[in-house]
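> Once you've had a glance at the structure underneath, I'll fire off some questions.
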Amino acid sequence: MPDKNRSQTSPTGDTDNHQADMGLVLRAARFAAWKHRDQRRKGRGALPYINHPLDLAHALWFEGGVTDPVILAAALLHDTLEDTQTTVQELQGEFGERVAAIVMEVTDEPTIAWRARKKLQISRARLASIEAKQVKLADKICNLRSMISSPPNGWTVERQRAYFDWSKEVIDQLRGVNPELEQRFDQIWKRRP
Ligand code: ZN
C-alpha cells in the first residue's frame with residue numbers, strides 16, 4: 001500500500017477496517033461468480049447468474065442504504081448453498097460465522113417438496129434476523145423486477161401472478177426492518193402482471 005494512503009490511517013484503525021470490509025465484499029463477489037460460473041438466469045435474456053446476486057448487493061447499498069459488509073457479502077453469496085455445490089463449512093471458513101448464518105437463513109430446505117418449501121419460506125420470514133430480512137427483501141425486489149423485464153420462458157401470466165402473490169406473503173411477514181426497501185418492493189409489486 002502506498003505511504004500516501006498509510007498516513008491517512010486514523011489511530012482507531014478506521015482505514016484498516018474499511019479495507020477489511022471492502023475485502024470481504026470483493027471476496028464474496030469473486031467466490032459467488034466462480035460458484036455460479038456455469039449458470040444462467042431463467043429469464044428471456046438468460047443473463048449470467050452472477051448478475052442476480054450483484055443486483056441484490058446493489059439494491060441493498062443504493063436503495064436500502066445498507067452499508068454493513070456482512071449483509072452485502074451474504075447477499076452476494078445468498079444462492080450459493082441452494083444452487084451450487086457450496087457447503088456451510090466452506091462459507092464459515094471463507095467468510096465467517098455471521099455471513100454463513102445469514103446465507104443459511106435465506107436458503108430453502110432442499111429436502112422438502114416445492115409447495116411445502118414455498119410455504120415454509122413464508123412462516124420462516126418472520127423469525128429471520130434483521131440482516132437476513134433485508135437480504136430477503138432485496139432478493140424479492142430483484143426477482144420481481146426480473147419477472148417484469150424478462151419473464152422466464154414458458155411462464156403463464158397466472159404463474160407470474162402466483163409468484164408475485166407468494167412474494168408478497170413472504171415480505172408481509174418481515175416488514176419493519178428497512179422502510180426504503182419495503183417501499184421499493186411495494187412499487188414493483190404494483191406492476192403485477
Ligand atoms: Zn436470489
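By order in the C-alpha cells, chains are A, B, ...; within a chain, residues start at 1; ligands start at 1, following the order shown.
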Once you count only C-alpha atoms and all ligand atoms, which residues end up within 8 Å of ligand 1, and could you hand them over as an NGL selection string?
:A and (52-53 or 56 or 78-79 or 139-140 or 142-143)
> Mind running stretch 116-154 of chain A against stretch 38-48 of chain A at 6 Å and telling me each contacting residue's nearest atom pair with the distance in Å (one decimal), counting only C-alpha atoms, chain and number ascending, as a tab-separated table?

residue	atom	partner	partner_atom	distance
A:Ser150	CA	A:Gly43	CA	5.0
A:Pro151	CA	A:Gly43	CA	5.1
A:Pro152	CA	A:Gly43	CA	4.0
> I need the residues of stretch 67-138 of chain A that end up classed as helix (DSSP H, G or I) by DSSP on the backbone, written out as a PyMOL selection string.
chain A and resi 69-77+80-83+88-95+97-105+114-125+130-138
> Could you save the residues just selected, with C-alpha atoms, as an mmCIF file, in the first residue's frame?

data_model
loop_
_atom_site.group_PDB
_atom_site.id
_atom_site.type_symbol
_atom_site.label_atom_id
_atom_site.label_comp_id
_atom_site.auth_asym_id
_atom_site.auth_seq_id
_atom_site.Cartn_x
_atom_site.Cartn_y
_atom_site.Cartn_z
ATOM 1 C CA PRO A 69 -20.286 -5.528 4.680
ATOM 2 C CA VAL A 70 -21.554 -8.699 6.351
ATOM 3 C CA ILE A 71 -25.015 -8.173 4.852
ATOM 4 C CA LEU A 72 -23.577 -7.218 1.455
ATOM 5 C CA ALA A 73 -21.344 -10.307 1.420
ATOM 6 C CA ALA A 74 -24.261 -12.529 2.457
ATOM 7 C CA ALA A 75 -26.350 -11.034 -0.367
ATOM 8 C CA LEU A 76 -23.644 -11.849 -2.890
ATOM 9 C CA LEU A 77 -23.492 -15.414 -1.552
ATOM 10 C CA THR A 80 -24.597 -20.465 -3.298
ATOM 11 C CA LEU A 81 -25.916 -23.042 -0.805
ATOM 12 C CA GLU A 82 -29.186 -23.548 -2.655
ATOM 13 C CA ASP A 83 -27.962 -23.542 -6.246
ATOM 14 C CA VAL A 88 -21.931 -24.248 5.022
ATOM 15 C CA GLN A 89 -18.467 -25.188 6.280
ATOM 16 C CA GLU A 90 -16.930 -23.614 3.220
ATOM 17 C CA LEU A 91 -18.804 -20.339 3.815
ATOM 18 C CA GLN A 92 -17.885 -20.364 7.513
ATOM 19 C CA GLY A 93 -14.225 -20.894 6.687
ATOM 20 C CA GLU A 94 -14.051 -18.285 3.936
ATOM 21 C CA PHE A 95 -16.368 -15.585 5.297
ATOM 22 C CA GLU A 97 -19.947 -17.411 11.082
ATOM 23 C CA ARG A 98 -22.149 -14.335 10.639
ATOM 24 C CA VAL A 99 -22.099 -14.341 6.844
ATOM 25 C CA ALA A 100 -22.664 -18.115 6.756
ATOM 26 C CA ALA A 101 -25.571 -17.844 9.230
ATOM 27 C CA ILE A 102 -27.365 -15.220 7.114
ATOM 28 C CA VAL A 103 -26.940 -17.282 3.942
ATOM 29 C CA MET A 104 -28.355 -20.309 5.785
ATOM 30 C CA GLU A 105 -31.345 -18.266 6.898
ATOM 31 C CA TRP A 114 -41.611 -27.489 -3.693
ATOM 32 C CA ARG A 115 -45.014 -26.377 -2.387
ATOM 33 C CA ALA A 116 -44.152 -27.027 1.262
ATOM 34 C CA ARG A 117 -40.841 -25.241 0.776
ATOM 35 C CA LYS A 118 -42.619 -22.137 -0.514
ATOM 36 C CA LYS A 119 -44.999 -22.233 2.476
ATOM 37 C CA LEU A 120 -42.108 -22.661 4.862
ATOM 38 C CA GLN A 121 -40.442 -19.574 3.424
ATOM 39 C CA ILE A 122 -43.499 -17.544 4.481
ATOM 40 C CA SER A 123 -43.514 -18.858 8.053
ATOM 41 C CA ARG A 124 -39.732 -18.584 8.442
ATOM 42 C CA ALA A 125 -39.592 -14.973 7.233
ATOM 43 C CA ILE A 130 -32.755 -8.288 10.704
ATOM 44 C CA GLU A 131 -29.802 -8.986 8.406
ATOM 45 C CA ALA A 132 -31.495 -11.918 6.680
ATOM 46 C CA LYS A 133 -34.763 -9.996 6.346
ATOM 47 C CA GLN A 134 -33.004 -7.277 4.375
ATOM 48 C CA VAL A 135 -31.336 -9.802 2.066
ATOM 49 C CA LYS A 136 -34.724 -11.413 1.570
ATOM 50 C CA LEU A 137 -36.295 -8.053 0.729
ATOM 51 C CA ALA A 138 -33.613 -7.306 -1.860
#
> Can you measure atom CA of A:Gly64 to atom CA of A:Ile141 for me? One decimal in Å is fine.
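Computing the Euclidean distance for atom CA of A:Gly64 and atom CA of A:Ile141 yields 11.2 Å.
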> Let me make sure I understand: among A:Gly154, A:Leu174, A:Arg145, A:Lys168, which one has the smallest atom-to-atom distance to A:Ala59 if we use only C-alpha atoms?
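Among the listed residues, A:Arg145 lies closest to A:Ala59.
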> By how many Å are atom CA of A:Val66 and atom CA of A:Gln85 apart?
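Going from atom CA of A:Val66 over to atom CA of A:Gln85, I get 28.2 Å.
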> In Å, with one decimal, what is the gap from atom CA of A:Met22 to atom CA of A:Ala128?
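Taking atom CA of A:Met22 and atom CA of A:Ala128, their separation equals 25.5 Å.
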> Pick the closest to A:Thr156 from A:Pro193, A:Val170, A:Gln183, A:Asp108: which is it, counting only C-alpha atoms?
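Among A:Pro193, A:Val170, A:Gln183, A:Asp108, it is A:Pro193 that comes nearest to A:Thr156.
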